[in-house]
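Heads up, start30.txt below (compact mmCIF, C-alpha atoms and all ligand atoms):
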```
# COMPACT_ATOMS: atom_id res chain seq x y z
CA MET S 30 130.31 20.83 8.52
CA THR S 31 129.84 23.60 11.06
CA LEU S 32 129.92 21.25 14.05
CA PHE S 33 133.52 20.24 13.38
CA ARG S 34 134.63 23.74 12.57
CA HIS S 35 133.24 25.04 15.86
CA ILE S 36 134.67 22.29 18.02
CA GLY S 37 138.12 22.73 16.50
CA HIS S 38 140.78 23.18 19.17
CA THR S 39 143.94 25.02 18.26
CA SER S 40 146.15 27.08 20.48
CA HIS S 41 146.05 30.23 18.36
CA THR S 42 142.25 30.52 18.15
CA LYS S 43 140.13 32.55 20.48
CA PRO S 44 137.82 30.70 22.91
CA THR S 45 134.20 31.80 23.01
CA THR S 46 131.30 30.74 25.16
CA VAL S 47 127.96 30.01 23.55
CA THR S 48 124.68 28.57 24.76
CA ASN S 49 123.59 25.44 22.95
CA LYS S 50 120.02 24.26 22.29
CA ARG S 51 119.67 22.61 25.67
CA GLY S 52 120.79 25.73 27.47
CA LEU S 53 124.18 24.33 28.43
CA ARG S 54 126.99 26.80 28.31
CA VAL S 55 129.64 25.46 25.99
CA ASN S 56 133.17 26.75 25.74
CA GLN S 57 134.28 26.36 22.18
CA GLN S 58 137.43 27.04 20.29
CA GLN S 59 136.47 28.71 17.04
CA GLY S 60 138.27 27.99 13.82
CA GLY S 61 140.45 25.09 12.74
CA ASN S 62 139.15 21.70 11.64
CA MET S 63 140.02 19.52 14.58
CA ILE S 64 137.56 17.33 16.42
CA PHE S 65 138.64 17.98 20.02
CA GLY S 66 137.33 20.71 22.24
CA SER S 67 136.28 21.35 25.78
CA ARG S 68 132.91 22.16 27.22
CA THR S 69 131.38 23.04 30.54
CA ARG S 70 129.07 20.32 31.81
CA SER S 71 126.78 20.23 34.85
CA ARG S 72 126.14 16.89 36.55
CA THR S 73 123.92 16.04 39.53
CA GLN S 74 126.11 14.63 42.28
CA GLY S 75 123.40 13.94 44.87
CA THR S 76 119.82 14.69 45.86
CA GLY S 77 117.93 15.06 49.11
CA THR S 78 115.74 17.39 51.15
CA PHE S 79 116.86 20.72 52.59
CA SER S 80 115.37 23.84 54.13
CA CYS S 81 115.13 26.32 51.21
CA PRO S 82 116.04 29.81 52.52
CA ARG S 83 114.06 31.48 49.75
CA GLU S 84 110.84 29.59 50.44
CA ASP S 85 111.41 28.93 54.14
CA GLY S 86 110.32 25.30 53.94
CA ASN S 87 111.57 21.78 53.24
CA ARG S 88 112.18 21.15 49.56
CA ARG S 89 113.97 18.66 47.31
CA TYR S 90 117.40 19.68 46.09
CA HIS S 91 120.03 18.63 43.57
CA HIS S 92 123.71 19.01 44.40
CA VAL S 93 125.32 19.90 41.06
CA LEU S 94 128.99 19.76 40.03
CA VAL S 95 130.16 21.97 37.16
CA SER S 96 133.27 20.77 35.35
CA ARG S 97 135.21 21.31 32.18
CA TRP S 98 135.34 18.20 29.99
CA LEU S 99 137.49 17.32 27.06
CA GLN S 100 135.29 16.11 24.24
CA ALA S 101 135.46 14.74 20.72
CA PHE S 102 132.55 14.72 18.27
CA ARG S 103 130.43 16.19 21.10
CA LEU S 104 131.12 13.13 23.27
CA PRO S 105 132.69 13.77 26.69
CA LEU S 106 136.06 12.03 27.01
CA MET S 107 137.43 13.07 30.38
CA ARG S 108 136.93 15.61 33.12
CA VAL S 109 139.68 18.24 33.00
CA GLU S 110 138.84 20.32 36.06
CA GLN S 111 136.03 21.14 38.44
CA LEU S 112 134.82 24.72 37.98
CA GLY S 113 132.17 24.96 40.66
CA GLU S 114 129.36 23.33 42.57
CA PHE S 115 126.02 24.44 43.92
CA VAL S 116 122.73 23.29 45.41
CA GLU S 117 119.59 23.87 43.34
CA CYS S 118 116.13 23.92 44.95
CA ARG S 119 113.84 21.78 42.79
CA SER S 120 110.83 23.91 43.77
CA CYS S 121 111.87 27.55 43.22
CA ARG S 122 115.04 26.68 41.21
CA SER S 123 117.17 29.06 43.28
CA THR S 124 120.82 28.04 43.49
CA PHE S 125 122.83 28.21 46.72
CA PRO S 126 126.38 27.62 47.90
CA VAL S 127 126.80 24.07 49.20
CA TYR S 128 127.03 25.21 52.84
CA VAL S 129 123.25 25.80 52.70
CA LEU S 130 122.90 22.05 53.41
CA ASP S 131 124.52 22.57 56.85
CA ALA S 132 122.66 25.80 57.70
CA GLN S 133 120.03 25.88 60.43
CA PRO S 134 116.47 25.94 59.03
CA GLY S 135 115.27 29.56 58.79
CA SER S 136 118.77 31.09 58.75
CA PRO S 137 119.39 33.64 55.98
CA VAL S 138 121.61 32.24 53.22
CA GLU S 139 122.45 34.44 50.25
CA ASP S 140 121.55 32.61 47.05
CA ILE S 141 123.81 32.90 43.99
CA VAL S 142 121.48 35.40 42.26
CA THR S 143 121.84 37.74 45.25
CA THR S 144 125.63 37.33 45.35
CA ALA S 145 125.90 37.89 41.57
CA LEU S 146 123.76 41.03 41.80
CA ARG S 147 125.88 42.37 44.63
CA HIS S 148 128.89 41.98 42.34
CA ALA S 149 127.05 43.49 39.35
CA VAL S 150 125.91 46.59 41.21
CA SER S 151 129.19 48.48 40.94
CA THR S 152 129.65 47.51 37.26
CA VAL S 153 126.22 48.94 36.51
CA LEU S 154 126.08 51.95 38.83
CA GLY S 155 129.70 52.62 39.77
CA HIS S 156 130.36 55.16 37.01
CA ASN S 157 127.39 57.35 37.94
CA ASN S 158 127.22 60.01 40.60
CA LEU S 159 124.33 58.50 42.48
CA THR S 160 121.80 60.76 44.16
CA PRO S 161 120.14 59.58 47.39
CA ARG S 162 117.04 58.85 45.30
CA ASP S 163 119.06 56.70 42.84
CA LYS S 164 120.39 54.74 45.81
CA ARG S 165 116.93 54.25 47.31
CA GLU S 166 115.67 52.93 43.98
CA ALA S 167 118.66 50.60 43.63
CA VAL S 168 117.99 49.18 47.10
CA ILE S 169 114.33 48.55 46.14
CA VAL S 170 115.43 46.59 43.04
CA LEU S 171 117.93 44.53 45.06
CA GLN S 172 115.35 43.82 47.76
CA ARG S 173 113.02 42.47 45.08
CA TYR S 174 115.59 39.87 43.96
CA ALA S 175 117.60 39.13 47.10
CA SER S 176 117.09 36.00 49.19
CA VAL S 177 118.28 37.86 52.32
CA PRO S 178 117.41 41.26 53.86
CA TYR S 179 119.19 44.04 51.91
CA GLY S 180 119.54 47.68 52.97
CA SER S 181 121.26 50.94 52.08
CA SER S 182 124.38 50.06 54.11
CA ASP S 183 124.72 46.85 52.03
CA LEU S 184 124.54 48.94 48.86
CA GLU S 185 127.31 51.24 50.11
CA ILE S 186 129.52 48.20 50.82
CA ASP S 187 128.84 46.69 47.38
CA LEU S 188 129.57 49.96 45.56
CA ARG S 189 132.80 50.48 47.51
CA GLU S 190 134.12 46.91 47.26
CA GLY S 191 133.20 46.51 43.61
CA ALA S 192 134.99 49.71 42.64
CA ASP S 193 138.42 48.07 43.08
CA GLN S 194 137.65 45.01 41.00
CA PRO S 195 137.71 44.45 37.25
CA ALA S 196 134.14 44.38 35.93
CA GLY S 197 132.74 40.92 35.40
CA GLN S 198 135.58 38.81 36.80
CA ASP S 199 133.69 37.49 39.84
CA LEU S 200 130.44 37.39 37.89
CA ARG S 201 131.99 35.02 35.37
CA GLN S 202 132.86 32.63 38.19
CA LEU S 203 129.48 33.02 39.89
CA ALA S 204 127.63 32.42 36.60
CA LEU S 205 128.92 28.82 36.73
CA SER S 206 126.68 28.33 39.77
CA LEU S 207 123.58 29.83 38.16
CA ASN S 208 120.96 28.03 36.10
CA ASP S 209 119.21 29.72 33.16
CA ARG S 210 116.51 31.13 35.42
CA GLY S 211 119.13 32.67 37.71
CA ARG S 212 121.13 34.23 34.88
CA VAL S 213 118.00 35.80 33.41
CA ALA S 214 117.01 37.10 36.87
CA VAL S 215 120.41 38.80 37.24
CA LEU S 216 120.02 40.39 33.80
CA ASP S 217 116.45 41.56 34.55
CA ALA S 218 117.58 43.14 37.81
CA THR S 219 120.60 44.73 36.10
CA VAL S 220 118.36 46.38 33.52
CA GLN S 221 116.12 47.70 36.30
CA LEU S 222 119.16 49.02 38.18
CA VAL S 223 119.98 51.23 35.23
CA GLY S 224 116.95 53.17 36.32
CA ARG S 225 113.92 54.92 35.02
CA ASN S 226 115.48 56.43 31.94
CA PRO S 227 113.49 55.27 28.87
CA ASN S 228 116.46 56.31 26.71
CA PRO S 229 119.41 54.61 28.43
CA HIS S 230 122.83 56.21 27.92
CA GLU S 231 125.62 54.50 25.98
CA HIS S 232 127.55 53.73 29.17
CA ASP S 233 124.43 52.17 30.74
CA ILE S 234 123.99 49.88 27.74
CA ALA S 235 127.71 49.02 27.86
CA ALA S 236 127.41 48.10 31.56
CA ILE S 237 124.39 45.87 30.87
CA LYS S 238 126.27 44.18 28.03
CA ALA S 239 129.30 43.61 30.29
CA VAL S 240 127.06 41.85 32.84
CA ALA S 241 125.28 39.81 30.13
CA ASP S 242 128.64 38.82 28.68
CA ALA S 243 129.92 37.67 32.08
CA LEU S 244 126.72 35.62 32.42
CA SER S 245 127.17 34.16 28.91
CA LEU S 246 123.74 35.45 27.89
CA PRO S 247 123.29 35.97 24.15
CA GLY S 248 122.76 39.42 22.64
CA ASP S 249 119.17 38.79 21.54
CA ARG S 250 118.20 37.98 25.13
CA VAL S 251 119.74 41.31 26.22
CA ARG S 252 117.87 43.23 23.52
CA ARG S 253 114.56 41.54 24.45
CA THR S 254 115.02 42.37 28.15
CA LEU S 255 115.95 45.98 27.34
CA ASP S 256 112.97 46.38 24.98
CA GLN S 257 110.59 45.01 27.62
CA ARG S 258 111.98 47.41 30.21
CA ILE S 259 111.75 50.39 27.88
CA ASP S 260 108.10 49.45 27.11
CA GLN S 261 107.34 49.22 30.84
CA LEU S 262 108.90 52.65 31.42
CA ALA S 263 106.99 54.16 28.50
CA MET S 264 103.69 52.80 29.89
CA ALA S 265 104.45 54.03 33.40
CA SER S 266 105.25 57.57 32.30
ZN ZN N 301 113.21 26.89 46.96
```
Write-out of the structure in structure tokens:
Amino acid sequence: MTLFRHIGHTSHTKPTTVTNKRGLRVNQQQGGNMIFGSRTRSRTQGTGTFSCPREDGNRRYHHVLVSRWLQAFRLPLMRVEQLGEFVECRSCRSTFPVYVLDAQPGSPVEDIVTTALRHAVSTVLGHNNLTPRDKREAVIVLQRYASVPYGSSDLEIDLREGADQPAGQDLRQLALSLNDRGRVAVLDATVQLVGRNPNPHEHDIAAIKAVADALSLPGDRVRRTLDQRIDQLAMAS
């Protein structure tokens, strides 16, 4: 049965991350016939009311812990390690670092989508020689998605700082604090960052795939987002 084959846990097999039917990201060990495996599980730790920086008003929140669990036959056995935690607004579904609960109402707090995009920007644009117009357009895309004010000096910082880091490493960590909506938002923005070219170059597609992979988004989702964007560009031209 496929279930057992996919949950098999052996030291010589390669781990992969897949998204199951309920949208949970599941780390599986492929191959082998054993019944143990580990998976990433999100659990609500607490709830309450906070001042949502994205909506600038009081909203309900969930404080979520993300952990790796050892499981057998899909049943969680024990928590192995905590991977991350975040606060999710129940109204706009933005996710924030936990310190948002201590922030003064109305103060700008970068949500995880914004932070993830700031890390993705150099993966996506770093290899290009950007013209001033390219940079202006990139800032417009980031402003559309960011929960805080974002300007050209922020873009310069993100391009410079990201250049020293291996693509996707931080994104992989940040993706643990994103819900499905957030991961799709980061992908949408990434595709827009690639620009106005209705025939994206190979290296642009590779950069988008690297971001999608770090976010654990499946290939068909990437293709759909790319197709939509290419349609939009074709209609606009
Ligand atoms: Zn909100």
Checklist entry - Which is closest to ligand ZN 301 (chain N) among S:Val138, S:Val93, S:Leu246, S:Leu104, if we use all atoms listed in the file? => result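 Among the listed residues, the smallest separation from ligand ZN 301 (chain N) belongs to S:Val138.
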Next on the checklist: Show me which residues line ligand ZN 301 (chain N), defined as having an atom within 6 Å of a ligand atom where all atoms listed in the file count, and present them as a ChimeraX atom specification.
Outcome noted: /S:81,83-84,118,120-121,123
Next on the checklist: One number please: atom CA of His148 of chain S to atom CA of Ala218 of chain S, in Å, one decimal.
Outcome noted: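 Atom-to-atom, atom CA of His148 of chain S to atom CA of Ala218 of chain S, that is 12.2 Å.
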Next on the checklist: Env of segment 97-99 of chain S: 8 Å cut, atoms = all atoms listed in the file, seq-sep filter 3 positions within chain, self excluded. Answer as a PyMOL selection string.
Outcome noted: chain S and resi 65-70+105-112
Item to check | Nearby residues, (125.0, 38.6, 23.1) file frame, 12 Å, all atoms listed in the file, as a list in words | outcome: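 Checking each residue against the 12 Å limit leaves Thr45, Thr46, Val47, Thr48, Leu216, Ala235, Ile237, Lys238, Ala239, Val240, Ala241, Asp242, Ala243, Leu244, Ser245, Leu246, Pro247, Gly248, Asp249, Arg250, Val251, Arg252, Arg253 and Thr254 of chain S.
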I'd like the neighbourhood of Val170 of chain S as a compact mmCIF listing (two decimals) with C-alpha atoms, in the coordinates of the input, where a residue qualifies if any of its atoms comes within 10 Å (using only C-alpha atoms), though same-chain residues fewer than 3 positions away should be ignored.
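Below you can see result35.txt, which holds the result:
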```txt
# COMPACT_ATOMS: atom_id res chain seq x y z
CA LYS S 164 120.39 54.74 45.81
CA ARG S 165 116.93 54.25 47.31
CA GLU S 166 115.67 52.93 43.98
CA ALA S 167 118.66 50.60 43.63
CA ARG S 173 113.02 42.47 45.08
CA TYR S 174 115.59 39.87 43.96
CA ALA S 175 117.60 39.13 47.10
CA TYR S 179 119.19 44.04 51.91
CA ASP S 217 116.45 41.56 34.55
CA ALA S 218 117.58 43.14 37.81
CA THR S 219 120.60 44.73 36.10
CA VAL S 220 118.36 46.38 33.52
CA GLN S 221 116.12 47.70 36.30
CA LEU S 222 119.16 49.02 38.18
CA GLY S 224 116.95 53.17 36.32
```
Checklist entry - When you draw a straight line from atom CA of Gly113 of chain S to atom CA of Val95 of chain S, how long is it in Å? => result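 Atom CA of Val95 of chain S lies at a distance of 5.0 Å from atom CA of Gly113 of chain S.
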Checklist entry - How many Å separate atom CA of Val177 of chain S from atom CA of Val127 of chain S? => result 16.5 Å
Would you pick out the contacts of Gly77 of chain S at 10 Å or less, using only C-alpha atoms, so that residues sharing its chain but fewer than 6 positions from it are not included, and give the list as a compact mmCIF listing (two decimals) with C-alpha atoms, keeping the file's coordinate frame?
```txt
# COMPACT_ATOMS: atom_id res chain seq x y z
CA ARG S 88 112.18 21.15 49.56
CA ARG S 89 113.97 18.66 47.31
CA TYR S 90 117.40 19.68 46.09
CA HIS S 91 120.03 18.63 43.57
CA HIS S 92 123.71 19.01 44.40
CA CYS S 118 116.13 23.92 44.95
CA LEU S 130 122.90 22.05 53.41
```
Checklist entry - With all atoms listed in the file as the basis for distance, which of S:Leu184, S:Leu207, S:Ala101, S:Leu200 is at the shortest distance from Ile169 of chain S? => result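 Looking only at the distances to Ile169 of chain S, the closest residue turns out to be S:Leu184.
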Checklist entry - Out of S:Thr160, S:Leu171, S:Gly86, S:Val153, which residue has the shortest atom-to-atom distance to His230 of chain S when counting all atoms listed in the file? => result S:Val153
Output as a PDB file, keeping the file's coordinate frame: segment 92-117 of chain S, completed with N, CA and C atoms.
```
ATOM      1  N   HIS S  92     122.350  18.504  44.215  1.00  0.00           N
ATOM      2  CA  HIS S  92     123.710  19.010  44.400  1.00  0.00           C
ATOM      3  C   HIS S  92     124.422  18.827  43.064  1.00  0.00           C
ATOM      4  N   VAL S  93     124.825  19.941  42.437  1.00  0.00           N
ATOM      5  CA  VAL S  93     125.320  19.900  41.060  1.00  0.00           C
ATOM      6  C   VAL S  93     126.813  20.243  41.018  1.00  0.00           C
ATOM      7  N   LEU S  94     127.573  19.454  40.274  1.00  0.00           N
ATOM      8  CA  LEU S  94     128.990  19.760  40.030  1.00  0.00           C
ATOM      9  C   LEU S  94     129.128  20.308  38.616  1.00  0.00           C
ATOM     10  N   VAL S  95     129.912  21.378  38.475  1.00  0.00           N
ATOM     11  CA  VAL S  95     130.160  21.970  37.160  1.00  0.00           C
ATOM     12  C   VAL S  95     131.635  21.741  36.831  1.00  0.00           C
ATOM     13  N   SER S  96     131.882  21.107  35.702  1.00  0.00           N
ATOM     14  CA  SER S  96     133.270  20.770  35.350  1.00  0.00           C
ATOM     15  C   SER S  96     133.526  21.060  33.885  1.00  0.00           C
ATOM     16  N   ARG S  97     134.808  21.178  33.580  1.00  0.00           N
ATOM     17  CA  ARG S  97     135.210  21.310  32.180  1.00  0.00           C
ATOM     18  C   ARG S  97     135.634  19.926  31.687  1.00  0.00           C
ATOM     19  N   TRP S  98     135.074  19.525  30.560  1.00  0.00           N
ATOM     20  CA  TRP S  98     135.340  18.200  29.990  1.00  0.00           C
ATOM     21  C   TRP S  98     136.010  18.340  28.646  1.00  0.00           C
ATOM     22  N   LEU S  99     136.930  17.443  28.404  1.00  0.00           N
ATOM     23  CA  LEU S  99     137.490  17.320  27.060  1.00  0.00           C
ATOM     24  C   LEU S  99     136.520  16.468  26.262  1.00  0.00           C
ATOM     25  N   GLN S 100     136.232  16.884  25.035  1.00  0.00           N
ATOM     26  CA  GLN S 100     135.290  16.110  24.240  1.00  0.00           C
ATOM     27  C   GLN S 100     135.762  15.968  22.799  1.00  0.00           C
ATOM     28  N   ALA S 101     135.205  14.959  22.153  1.00  0.00           N
ATOM     29  CA  ALA S 101     135.460  14.740  20.720  1.00  0.00           C
ATOM     30  C   ALA S 101     134.134  14.379  20.087  1.00  0.00           C
ATOM     31  N   PHE S 102     133.830  14.962  18.949  1.00  0.00           N
ATOM     32  CA  PHE S 102     132.550  14.720  18.270  1.00  0.00           C
ATOM     33  C   PHE S 102     131.387  14.888  19.245  1.00  0.00           C
ATOM     34  N   ARG S 103     131.463  15.889  20.097  1.00  0.00           N
ATOM     35  CA  ARG S 103     130.430  16.190  21.100  1.00  0.00           C
ATOM     36  C   ARG S 103     130.350  15.170  22.228  1.00  0.00           C
ATOM     37  N   LEU S 104     131.183  14.134  22.209  1.00  0.00           N
ATOM     38  CA  LEU S 104     131.120  13.130  23.270  1.00  0.00           C
ATOM     39  C   LEU S 104     132.156  13.462  24.338  1.00  0.00           C
ATOM     40  N   PRO S 105     131.728  13.477  25.622  1.00  0.00           N
ATOM     41  CA  PRO S 105     132.690  13.770  26.690  1.00  0.00           C
ATOM     42  C   PRO S 105     133.725  12.656  26.816  1.00  0.00           C
ATOM     43  N   LEU S 106     134.995  13.026  26.871  1.00  0.00           N
ATOM     44  CA  LEU S 106     136.060  12.030  27.010  1.00  0.00           C
ATOM     45  C   LEU S 106     136.548  11.936  28.436  1.00  0.00           C
ATOM     46  N   MET S 107     136.929  13.088  29.003  1.00  0.00           N
ATOM     47  CA  MET S 107     137.430  13.070  30.380  1.00  0.00           C
ATOM     48  C   MET S 107     137.231  14.429  31.035  1.00  0.00           C
ATOM     49  N   ARG S 108     137.092  14.393  32.357  1.00  0.00           N
ATOM     50  CA  ARG S 108     136.930  15.610  33.120  1.00  0.00           C
ATOM     51  C   ARG S 108     138.285  16.278  33.300  1.00  0.00           C
ATOM     52  N   VAL S 109     138.394  17.547  32.914  1.00  0.00           N
ATOM     53  CA  VAL S 109     139.680  18.240  33.000  1.00  0.00           C
ATOM     54  C   VAL S 109     139.819  18.927  34.358  1.00  0.00           C
ATOM     55  N   GLU S 110     138.776  19.629  34.757  1.00  0.00           N
ATOM     56  CA  GLU S 110     138.840  20.320  36.060  1.00  0.00           C
ATOM     57  C   GLU S 110     137.437  20.631  36.546  1.00  0.00           C
ATOM     58  N   GLN S 111     137.306  20.722  37.870  1.00  0.00           N
ATOM     59  CA  GLN S 111     136.030  21.140  38.440  1.00  0.00           C
ATOM     60  C   GLN S 111     136.001  22.657  38.513  1.00  0.00           C
ATOM     61  N   LEU S 112     134.913  23.260  38.022  1.00  0.00           N
ATOM     62  CA  LEU S 112     134.820  24.720  37.980  1.00  0.00           C
ATOM     63  C   LEU S 112     133.979  25.271  39.123  1.00  0.00           C
ATOM     64  N   GLY S 113     133.034  24.474  39.586  1.00  0.00           N
ATOM     65  CA  GLY S 113     132.170  24.960  40.660  1.00  0.00           C
ATOM     66  C   GLY S 113     131.181  23.906  41.084  1.00  0.00           C
ATOM     67  N   GLU S 114     130.443  24.204  42.128  1.00  0.00           N
ATOM     68  CA  GLU S 114     129.360  23.330  42.570  1.00  0.00           C
ATOM     69  C   GLU S 114     128.318  24.169  43.274  1.00  0.00           C
ATOM     70  N   PHE S 115     127.094  23.697  43.261  1.00  0.00           N
ATOM     71  CA  PHE S 115     126.020  24.440  43.920  1.00  0.00           C
ATOM     72  C   PHE S 115     124.859  23.507  44.247  1.00  0.00           C
ATOM     73  N   VAL S 116     123.952  24.008  45.062  1.00  0.00           N
ATOM     74  CA  VAL S 116     122.730  23.290  45.410  1.00  0.00           C
ATOM     75  C   VAL S 116     121.563  24.002  44.746  1.00  0.00           C
ATOM     76  N   GLU S 117     120.747  23.268  44.002  1.00  0.00           N
ATOM     77  CA  GLU S 117     119.590  23.870  43.340  1.00  0.00           C
ATOM     78  C   GLU S 117     118.307  23.358  43.975  1.00  0.00           C
TER      79      GLU S 117
END
```
